[in-house]
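A.B. asks: There's a structure below that I have some questions on.
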There are 4 protein chains.
Amino acid sequence: MTNDSLPTPPDILRSASMEIVVTDLARSREFYVDILGLVVTEEDENVICLRTFEEFIHHNLVLRQGPVAAVAALSFRVRSPEDVDLAEAYYRELGCRTERRQDGFVAGVGDSVRVVDPLGFPYEFFHQVEHVERLAWRYELQGPGALVRLDHFNQVTPDVPLGRAYLEDLGFRVTEDIKDSDGVTYAAWLRRKNTVHDTALTGGDGPRMHHIAFATHEKHNIIAICDKLGALRRSDCIERGPGRHGVSNAFYLYIRDPDGHRVEIYTQDYYTGDPDNPVVTWDVHDNQRRDWWGNPVVASWYTEASLVLDLDGRPQPVTARTEASELAVTVGADGFSYTRAGDTEQGFKLGSSL
Amino acid sequence: MTNDSLPTPPDILRSASMEIVVTDLARSREFYVDILGLVVTEEDENVICLRTFEEFIHHNLVLRQGPVAAVAALSFRVRSPEDVDLAEAYYRELGCRTERRQDGFVAGVGDSVRVVDPLGFPYEFFHQVEHVERLAWRYELQGPGALVRLDHFNQVTPDVPLGRAYLEDLGFRVTEDIKDSDGVTYAAWLRRKNTVHDTALTGGDGPRMHHIAFATHEKHNIIAICDKLGALRRSDCIERGPGRHGVSNAFYLYIRDPDGHRVEIYTQDYYTGDPDNPVVTWDVHDNQRRDWWGNPVVASWYTEASLVLDLDGRPQPVTARTEASELAVTVGADGFSYTRAGDTEQGFKLGSSL
Amino acid sequence: MTNDSLPTPPDILRSASMEIVVTDLARSREFYVDILGLVVTEEDENVICLRTFEEFIHHNLVLRQGPVAAVAALSFRVRSPEDVDLAEAYYRELGCRTERRQDGFVAGVGDSVRVVDPLGFPYEFFHQVEHVERLAWRYELQGPGALVRLDHFNQVTPDVPLGRAYLEDLGFRVTEDIKDSDGVTYAAWLRRKNTVHDTALTGGDGPRMHHIAFATHEKHNIIAICDKLGALRRSDCIERGPGRHGVSNAFYLYIRDPDGHRVEIYTQDYYTGDPDNPVVTWDVHDNQRRDWWGNPVVASWYTEASLVLDLDGRPQPVTARTEASELAVTVGADGFSYTRAGDTEQGFKLGSSL
Amino acid sequence: MTNDSLPTPPDILRSASMEIVVTDLARSREFYVDILGLVVTEEDENVICLRTFEEFIHHNLVLRQGPVAAVAALSFRVRSPEDVDLAEAYYRELGCRTERRQDGFVAGVGDSVRVVDPLGFPYEFFHQVEHVERLAWRYELQGPGALVRLDHFNQVTPDVPLGRAYLEDLGFRVTEDIKDSDGVTYAAWLRRKNTVHDTALTGGDGPRMHHIAFATHEKHNIIAICDKLGALRRSDCIERGPGRHGVSNAFYLYIRDPDGHRVEIYTQDYYTGDPDNPVVTWDVHDNQRRDWWGNPVVASWYTEASLVLDLDGRPQPVTARTEASELAVTVGADGFSYTRAGDTEQGFKLGSSL
């Protein structure tokens with residue numbers, strides 16, 4: 001499935017950071033720092049660099065004040081300085097626009113290249129980075145909902161098989177996907193590090209950024225975030241969950257930041273580092289694929305996502321998905337889901353109760 | 001608020017057991033024993049007596065094979081043998097039908113009285129009971145979702161203030177309730193033991209039994225039950241949750257047994273044993289009252305409940321609630337909820353997304 | 001076993017508060033507030049009133065600056081104002097010194113009586129108390145090791161059967177005890193509220209205060225306290241645990257405050273509210289009685305405890321225990337413990353490894 | 001530090017399996033299957049192949065009946081079939097004895113090479129393996145202490161720097177170590193996959209196998225194992241813990257199987273996959289290095305370990321460590337530990353209390 005005529009791709013270690021544009025930096029700081037407890041590595045009046053408690057690189061999330069809420073970069077760390085060269089060459093070969101900056105695009109990061117990839121996303125690759133204190137042992141700083149790692153990105157793109165082939169060429173490996181019996185692919189999960197994913201592709205109008213996910217150690221940490229949001233009377237930023245994913249087997253929560261950027265809190269998927277790690281394919285009509293307990297996926301989760309920017313900071317145009325929509329085929333008059341294959345009952349779930 | 005002309009009520013210790021009629025005993029046994037892991041104290045072809053892991057009395061739940069799914073008794077333990085006499089006299093004075101059996105109505109329980117109470121519910125009071133092994137230390141028998149105590153009942157009744165006054169006369173104390181600014185009461189929680197409730201009244205067409213609740217030690221135990229239901233492809237018995245209650249502050253899950261009887265799994269409410277324990281009143285429009293995270297209450301949770309039986313085993317007729325319905329005033333075209341008092345936004349919740 | 005010639009005892013609700021004298025108030029404040037996260041209700045330069053997150057009375061712990069570390073009062077709340085009268089009369093009848101103060105001994109508490117009880121302990125009884133906000137729902141204030149309730153006291157006294165009879169007369173009920181085959185009682189647990197204990201008697205030189213215990217919701221909360229102590233390089237205040245008790249079946253941790261006062265963190269014992277709640281008797285040689293996992297009890301846990309004060313603030317003289325010591329009969333040359341009754345192997349535990 | 005004259009090492013994915021010889025297979029089966037809940041993939045009268053719940057290769061642990069308790073192989077999975085060739089060539093070049101079997105040494109594994117490595121350990125390398133069902137989603141099979149992954153090995157060797165250099169040449173990367181101010185290395189942790197280690201070297205008489213470690217998802221799973229061992233009156237197999245490691249920051253428990261083979265249960269270390277992952281060096285006198293809470297390491301943990309076998313099944317001779325022993329320098333008359341650097345107090349820990 002990979003393309004042998006391509007140049008050597010960079011050796012990507014992991015999804016490492018995302019740069020998002022927010023329209024009210026103070027309000028976003030309250031959300032990410034005061035409520036979620038991310039650690040401020042460095043900040044000024046326009047930019048805040050945040051990291052998780054177990055991180056040793058400068059940041060995992062960059063908040064940048066700007067006029068339109070959007071995503072400026074999905075940033076991957078590569079194994080060596082030379083891999084930045086490889087990344088630049090690779091995307092040039094693909095005909096993509098690239099921009100190289102020896103001093104980086106953001107504080108704390110050195111030589112980097114940003115590209116607009118074939119799917120329209122602003123990808124960044126870097127190796128050089130400022131090391132900061134890994135706060136793993138600093139329990140006196142960690143709240144009950146401590147975010148300990150950046151886990152993955154999730155991207156919305158109209159043509160999932162196309163995106164999947166591109167990412168496989170780039171060195172990613174699929175761990176799970178959602179399909180139907182007609183061969184339509186609704187979503188795919190792809191990894192570099194040894195977890196279920198570093199990024200995922202969700203079928204929909206794109207390019208748009210679906211979410212960024214941070215990991216906690218345990219499930220109760222995620223519940224603590226919900227409890228705190230309730231206590232702060234901010235429960236309306238909880239969009240979906242908490243719940244158990246079918247795909248990935250992880251425990252999850254989706255919340256929305258003040259600009260509507262979606263954040264997942266995620267814990268406990270499984271090891272995927274063997275080259276023959278079994279791929280899990282889910283039927284789109286399996287009601288446990290996205291929530292193992294069959295709890296409904298709210299419509300906004302399927303339809304809303306963040307714009308992404310080109311290298312000049314302009315929102316990328318969005319192309320509509322033409323294949324079947326997961327929302328349409330699973331909920332409401334046009335769709336159906338089952339709890340047991342071959343079973344027509346739906347039980348007490350969203351579809352039947354309202 | 002209490003009625004001084006009434007005779008001395010019995011000294012009720014706690015909600016102790018419920019007897020439910022199930023239409024397929026084998027199927028119910030699979031649900032309560034194989035899936036939920038309740039302990040069989042004693043069983044024959046018609047009746048199964050089940051208990052929780054920390055219980056030392058004979059049972060907390062009786063399953064009885066019968067033609068119509070219903071509840072035969074909500075059973076309370078009283079402090080002494082004489083309190084059974086007091087209970088019998090109390091309900092006779094109220095003009096209620098009573099039936100006394102020296103040998104009890106169910107295996108393992110001695111001298112008991114059953115009554116049809118003023119709200120139409122079959123209440124039972126007993127003291128004499130066979131002691132069995134408290135399995136608290138028998139960790140080798142406890143699964144990841146071990147149910148350790150019966151916590152409470154919940155009853156549907158049309159007129160909550162009427163029911164509340166009756167239960168207060170009987171010696172219960174209100175810990176929390178849900179009202180609106182017009183003075184309508186939608187629900188009330190009442191306790192004898194030192195928890196938020198031994199029973200609660202939910203406004204609706206009644207008398208019907210809304211649910212029976214069992215306690216786990218921790219939140220992850222409840223999540224484990226959900227995960228197991230998913231693994232067994234029985235996720236459609238999950239009706240609502242898991243979530244955090246506003247009322248009671250407990251972590252919860254609602255599931256439905258094969259006959260539709262509703263079971264709550266519940267953990268971590270607070271101590272209420274002081275006589276001046278503060279009553280918490282929630283506004284019916286507060287979107288965090290029933291789920292602290294603002295997750296929607298599904299309609300079936302409001303509308304569906306189990307029939308209850310009279311002392312001859314016939315279903316009690318159901319009287320419609322005439323006051324405002326919590327479902328109607330909070331969801332959909334006729335109702336509204338807020339996350340913040342005075343705020344009109346609803347965020348990403350059920351109402352706005354579908 | 002109770003003494004019918006005694007006057008009516010007060011109706012005690014629960015262990016409610018302890019007043020301890022500390023020699024460096026600032027250092028103690030750092031321990032209880034900054035590290036353990038207890039909530040300050042009120043404070044001045046000499047006294048700090050602290051409470052747990054689910055408490056609605058003014059305080060559960062009073063720190064008072066003084067010259068000698070000791071315990072000034074073990075305070076119980078009674079059901080009504082009249083019960084304070086009953087308490088005063090009861091102890092006068094016992095020939096104990098009593099002191100009544102209509103305005104209370106500590107801020108936030110009204111009419112109270114303090115006594116020196118027959119065992120030499122300064123007991124206090126009160127009903128009137130200032131209500132404060134119950135912070136159960138204030139998750140934004142709760143750290144990962146949030147202390148939610150005062151659970152119990154533990155007292156060291158030379159003659160446990162004597163103390164037990166006194167407390168049973170006072171209305172307490174024994175839930176568990178530790179004995180040997182010769183009939184020596186080493187410890188007893190007694191309750192008023194529906195948990196395993198409001199206070200316990202530990203055989204040893206007394207009167208001394210062994211510990212005060214606060215409850216968390218879950219086991220991970222206790223682990224979080226340990227982790228934080230490690231992060232602050234204060235791990236040497238961890239004396240014993242965390243572990244699972246045999247007695248009470250609760251999960252526990254013992255730490256020592258800057259004056260050496262012992263604090264237990266405790267979670268998940270069982271309901272004991274029925275009058276025929278089965279008493280559990282443990283063999284003193286059962287190596288799982290004090291730690292279900294057989295981990296060793298350190299010697300200091302047996303030998304060290306806090307002085308208690310008389311009503312003039314002078315330390316009570318300590319009388320030596322004359323019966324066998326639990327430490328001596330279970331550890332080292334003079335004692336033994338078994339994992340399995342009849343088994344002589346000790347496995348990899350303290351005794352065998354050092 | 002690596003040796004450029006060596007041939008290309010195999011690309012090792014991860015520690016994958018251990019083969020241990022047990023003297024009573026039925027008794028070991030009870031321990032690993034009935035108590036710990038490992039999954040039987042395949043078994044006959046002489047051999048049992050076990051795996052964890054998230055594993056998809058045939059096994060993670062092989063129990064083989066034999067006359068002397070020992071370890072027959074520490075087995076690593078390599079990336080490709082060709083890496084087995086590389087492993088064989090690599091060890092031949094090192095002058096080590098190797099044995100290649102196309103059909104593998106154990107059921108379910110294909111082409112493999114076993115070697116006696118320069119430290120005297122029987123290492124195995126394989127790629128071909130039978131895939132079996134990954135039981136990650138099979139929650140109905142998972143007990144409260146479910147073991148979900150093999151995490152790492154730990155080996156005792158006299159000269160840690162020598163062993164470290166050898167493993168670094170082989171492609172491992174050090175994540176943490178324990179040293180003293182004289183430059184003595186007491187232990188080192190080395191990884192291939194993205195966790196703190198696939199194996200560790202503990203300074204001591206060797207070659208011996210210190211332990212094999214399995215991972216759970218959460219800390220309460222480890223506590224559940226302890227609780228079950230107590231319930232089965234097998235608490236004497238708990239050697240050390242549970243506790244929080246300083247090194248690795250993981251939560252841990254050490255137990256001993258019926259032959260004395262040591263098993264660690266382990267959860268929640270951190271991501272180490274970046275090539276510049278910061279190495280953490282601990283002072284051997286830091287009392288929080290091996291237990292973050294300062295709880296004592298029992299002597300048996302330092303002194304006892306399993307013999308390892310050569311390729312003919314004969315126990316390897318053990319060579320004494322000549323450098324300082326961690327036990328000696330940290331416990332008792334010859335050693336010392338501190339909670340705070342520069343602080344001489346020891347608090348309530350083992351050393352001071354007995």
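In the structure tokens, chains take the letters A, B, ... in the order shown, each chain's residues start at 1, and ligands count up from 1 in the order shown.
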Write out as a list in words which residues come within 7 Å of A:Val318 when counting only C-alpha atoms, dropping same-chain ones fewer than 5 positions away.
C.D. replies: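 The contact residues come out as Asp205, Gly206 and Pro207 of chain A.
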A.B. asks: If DSSP is run on the backbone, what residues of stretch 59-284 of chain C are strand (DSSP E)? A reply as a ChimeraX atom specification would be ideal.
C.D. replies: /C:61-65,70-78,98-101,112-116,122-126,149-157,173-179,185-191,199-203,208-215,238-244,251-256,262-267,280-283
A.B. asks: Record the distance separating atom CA of A:Thr195 and atom CA of A:Asp180, expressed in Å with one decimal.
C.D. replies: 24.6 Å
A.B. asks: Per residue of chain B within 10 Å of chain A, what are the shortest atom pair and its distance in Å to one decimal, counting only C-alpha atoms, with rows by chain and residue number, as CSV?
C.D. replies:
residue,atom,partner,partner_atom,distance
B:Glu218,CA,A:His220,CA,9.5
B:Lys219,CA,A:His220,CA,7.3
B:His220,CA,A:His220,CA,7.3
B:Ile223,CA,A:Arg244,CA,8.5
B:Ile225,CA,A:Trp293,CA,9.8
B:Cys226,CA,A:Trp293,CA,6.1
B:Asp227,CA,A:Trp293,CA,6.9
B:Lys228,CA,A:Trp293,CA,9.1
B:Leu229,CA,A:Trp293,CA,7.2
B:Gly230,CA,A:Trp293,CA,5.4
B:Ala231,CA,A:Trp292,CA,8.1
B:Leu232,CA,A:Arg340,CA,9.4
B:Arg233,CA,A:Arg340,CA,6.0
B:Arg234,CA,A:Thr339,CA,7.2
B:Ser235,CA,A:Trp293,CA,4.9
B:Asp236,CA,A:Gly347,CA,4.9
B:Cys237,CA,A:Gly347,CA,6.6
B:Ile238,CA,A:Trp293,CA,7.0
B:Glu239,CA,A:Phe348,CA,5.2
B:Arg240,CA,A:Asn295,CA,8.2
B:Gly241,CA,A:Asn295,CA,8.3
B:Pro242,CA,A:Gly243,CA,8.0
B:Gly243,CA,A:Pro242,CA,8.0
B:Arg244,CA,A:Asp227,CA,7.5
B:His245,CA,A:Asp227,CA,9.9
B:Gly246,CA,A:Gly230,CA,8.9
B:Asn249,CA,A:Asp227,CA,9.7
B:Phe251,CA,A:Ile223,CA,9.6
B:Ile255,CA,A:Phe348,CA,9.2
B:Arg256,CA,A:Phe348,CA,8.7
B:Asn287,CA,A:Ser235,CA,8.9
B:Gln288,CA,A:Gly230,CA,7.2
B:Asp291,CA,A:Gly230,CA,9.1
B:Trp292,CA,A:Gly230,CA,5.5
B:Trp293,CA,A:Ser235,CA,4.9
B:Gly294,CA,A:Ser235,CA,5.7
B:Asn295,CA,A:Ile238,CA,8.1
B:Pro296,CA,A:Leu350,CA,9.9
B:Val298,CA,A:Ser353,CA,6.3
B:Ala299,CA,A:Ser353,CA,5.6
B:Ser300,CA,A:Ser353,CA,5.9
B:Trp301,CA,A:Phe348,CA,9.0
B:Thr303,CA,A:Ser353,CA,10.0
B:Gly332,CA,A:Leu354,CA,9.8
B:Tyr338,CA,A:Asp236,CA,9.2
B:Thr339,CA,A:Arg233,CA,6.2
B:Arg340,CA,A:Arg233,CA,6.0
B:Ala341,CA,A:Arg233,CA,9.3
B:Glu345,CA,A:Asp236,CA,8.7
B:Gln346,CA,A:Asp236,CA,6.6
B:Gly347,CA,A:Asp236,CA,4.9
B:Phe348,CA,A:Glu239,CA,5.2
B:Lys349,CA,A:Glu239,CA,6.5
B:Leu350,CA,A:Val298,CA,7.1
B:Ser352,CA,A:Ser300,CA,8.9
B:Ser353,CA,A:Ala299,CA,5.6
B:Leu354,CA,A:Ala299,CA,6.5
A.B. asks: Got time to write the residues from that selection, C-alpha atoms, as a PDB file, in the first residue's frame?
C.D. replies:
ATOM      1  CA  GLU B 218     -15.227   2.982  44.475  1.00  0.00           C
ATOM      2  CA  LYS B 219     -16.089   4.582  41.188  1.00  0.00           C
ATOM      3  CA  HIS B 220     -13.949   2.210  39.136  1.00  0.00           C
ATOM      4  CA  ILE B 223     -17.035   1.464  35.446  1.00  0.00           C
ATOM      5  CA  ILE B 225     -19.753  -3.147  35.515  1.00  0.00           C
ATOM      6  CA  CYS B 226     -20.207  -1.070  32.378  1.00  0.00           C
ATOM      7  CA  ASP B 227     -17.132  -2.609  30.782  1.00  0.00           C
ATOM      8  CA  LYS B 228     -18.388  -6.109  31.531  1.00  0.00           C
ATOM      9  CA  LEU B 229     -21.812  -5.322  30.096  1.00  0.00           C
ATOM     10  CA  GLY B 230     -20.088  -4.141  26.939  1.00  0.00           C
ATOM     11  CA  ALA B 231     -17.978  -7.276  26.799  1.00  0.00           C
ATOM     12  CA  LEU B 232     -21.089  -9.411  27.113  1.00  0.00           C
ATOM     13  CA  ARG B 233     -22.830  -7.317  24.430  1.00  0.00           C
ATOM     14  CA  ARG B 234     -25.392  -6.271  26.966  1.00  0.00           C
ATOM     15  CA  SER B 235     -24.646  -2.557  26.855  1.00  0.00           C
ATOM     16  CA  ASP B 236     -28.260  -1.865  25.938  1.00  0.00           C
ATOM     17  CA  CYS B 237     -29.215  -2.538  29.544  1.00  0.00           C
ATOM     18  CA  ILE B 238     -27.310   0.630  30.474  1.00  0.00           C
ATOM     19  CA  GLU B 239     -30.020   3.266  30.630  1.00  0.00           C
ATOM     20  CA  ARG B 240     -28.245   6.278  32.084  1.00  0.00           C
ATOM     21  CA  GLY B 241     -24.758   7.096  33.243  1.00  0.00           C
ATOM     22  CA  PRO B 242     -22.315   6.497  34.670  1.00  0.00           C
ATOM     23  CA  GLY B 243     -22.220   9.992  36.061  1.00  0.00           C
ATOM     24  CA  ARG B 244     -22.018  12.118  39.141  1.00  0.00           C
ATOM     25  CA  HIS B 245     -25.292  13.067  40.781  1.00  0.00           C
ATOM     26  CA  GLY B 246     -25.818  16.632  41.885  1.00  0.00           C
ATOM     27  CA  ASN B 249     -23.039  13.890  45.289  1.00  0.00           C
ATOM     28  CA  PHE B 251     -21.353   8.488  41.497  1.00  0.00           C
ATOM     29  CA  ILE B 255     -29.222  -0.309  34.350  1.00  0.00           C
ATOM     30  CA  ARG B 256     -32.362  -2.281  33.555  1.00  0.00           C
ATOM     31  CA  ASN B 287     -28.969  21.268  34.747  1.00  0.00           C
ATOM     32  CA  GLN B 288     -26.493  19.842  37.254  1.00  0.00           C
ATOM     33  CA  ASP B 291     -26.104  14.941  36.659  1.00  0.00           C
ATOM     34  CA  TRP B 292     -23.373  17.191  38.005  1.00  0.00           C
ATOM     35  CA  TRP B 293     -21.720  17.153  34.592  1.00  0.00           C
ATOM     36  CA  GLY B 294     -24.907  18.245  32.841  1.00  0.00           C
ATOM     37  CA  ASN B 295     -25.282  15.046  30.884  1.00  0.00           C
ATOM     38  CA  PRO B 296     -28.888  14.544  29.826  1.00  0.00           C
ATOM     39  CA  VAL B 298     -32.924  10.091  29.130  1.00  0.00           C
ATOM     40  CA  ALA B 299     -36.699  10.270  28.889  1.00  0.00           C
ATOM     41  CA  SER B 300     -37.249   6.630  29.841  1.00  0.00           C
ATOM     42  CA  TRP B 301     -35.655   7.323  33.199  1.00  0.00           C
ATOM     43  CA  THR B 303     -41.346   7.777  32.410  1.00  0.00           C
ATOM     44  CA  GLY B 332     -37.584  20.039  24.915  1.00  0.00           C
ATOM     45  CA  TYR B 338     -29.429  26.208  32.863  1.00  0.00           C
ATOM     46  CA  THR B 339     -25.827  25.500  33.704  1.00  0.00           C
ATOM     47  CA  ARG B 340     -25.411  28.832  35.448  1.00  0.00           C
ATOM     48  CA  ALA B 341     -28.351  30.569  37.079  1.00  0.00           C
ATOM     49  CA  GLU B 345     -26.755  29.219  26.922  1.00  0.00           C
ATOM     50  CA  GLN B 346     -27.047  25.466  26.958  1.00  0.00           C
ATOM     51  CA  GLY B 347     -23.743  24.434  25.458  1.00  0.00           C
ATOM     52  CA  PHE B 348     -23.140  21.033  23.896  1.00  0.00           C
ATOM     53  CA  LYS B 349     -25.776  19.054  25.701  1.00  0.00           C
ATOM     54  CA  LEU B 350     -28.527  16.876  24.414  1.00  0.00           C
ATOM     55  CA  SER B 352     -28.846  21.676  21.703  1.00  0.00           C
ATOM     56  CA  SER B 353     -27.217  18.960  19.684  1.00  0.00           C
ATOM     57  CA  LEU B 354     -30.234  17.024  18.505  1.00  0.00           C
TER      58      LEU B 354
END
A.B. asks: What is the distance between atom CA of B:Asp334 and atom CA of B:Glu264, in Å to one decimal?
C.D. replies: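 Atom CA of B:Glu264 lies at a distance of 28.2 Å from atom CA of B:Asp334.
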A.B. asks: Identify all residues of stretch 23-210 of chain C in alpha helix (DSSP H) (DSSP on the backbone) and supply them as number ranges by chain.
C.D. replies: C: 25-29, 81-93, 160-169
A.B. asks: Atom CA of A:Trp189 and atom CA of A:Gln316, how far apart in Å?
C.D. replies: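 Answer for the atom CA of A:Gln316 to atom CA of A:Trp189 separation: 23.0 Å.
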A.B. asks: What's the 12 Å shell around D:Arg164, counting only C-alpha atoms, without same-chain residues fewer than 2 positions away, as an MDAnalysis selection string?
C.D. replies: chainID D and resid 1:2 118:119 155:162 166:177 185:191 199:203
A.B. asks: For D:Ala250, please output as a PyMOL selection string all residues within 8 Å (counting only C-alpha atoms; exclusion window: fewer than 2 positions along the same chain).
C.D. replies: chain D and resi 244-248+252+266-269
A.B. asks: Kindly save the residues from that selection, with C-alpha atoms included, as a compact mmCIF listing (two decimals), in the first residue's frame.
C.D. replies:
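Output contents, as saved in out20.txt:
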# COMPACT_ATOMS: atom_id res chain seq x y z
CA ARG D 244 5.54 3.87 44.91
CA HIS D 245 8.97 3.51 43.38
CA GLY D 246 11.26 6.50 43.26
CA VAL D 247 13.03 4.99 40.26
CA SER D 248 10.45 4.74 37.44
CA TYR D 252 4.62 -1.64 42.64
CA TYR D 266 3.76 -2.70 38.29
CA THR D 267 1.80 0.24 36.94
CA GLN D 268 2.24 3.75 35.58
CA ASP D 269 5.76 4.64 34.66
A.B. asks: List as a list in words the protein and nucleic acid residues near B:Val21, meaning an atom at most 8 Å away when only C-alpha atoms are counted, but skip any in the same chain fewer than 6 places from it.
C.D. replies: Leu63, Arg64, Gln65, Gly66, Pro67, Val68, Ala69, Ala70, Val71 and Ala72 of chain B
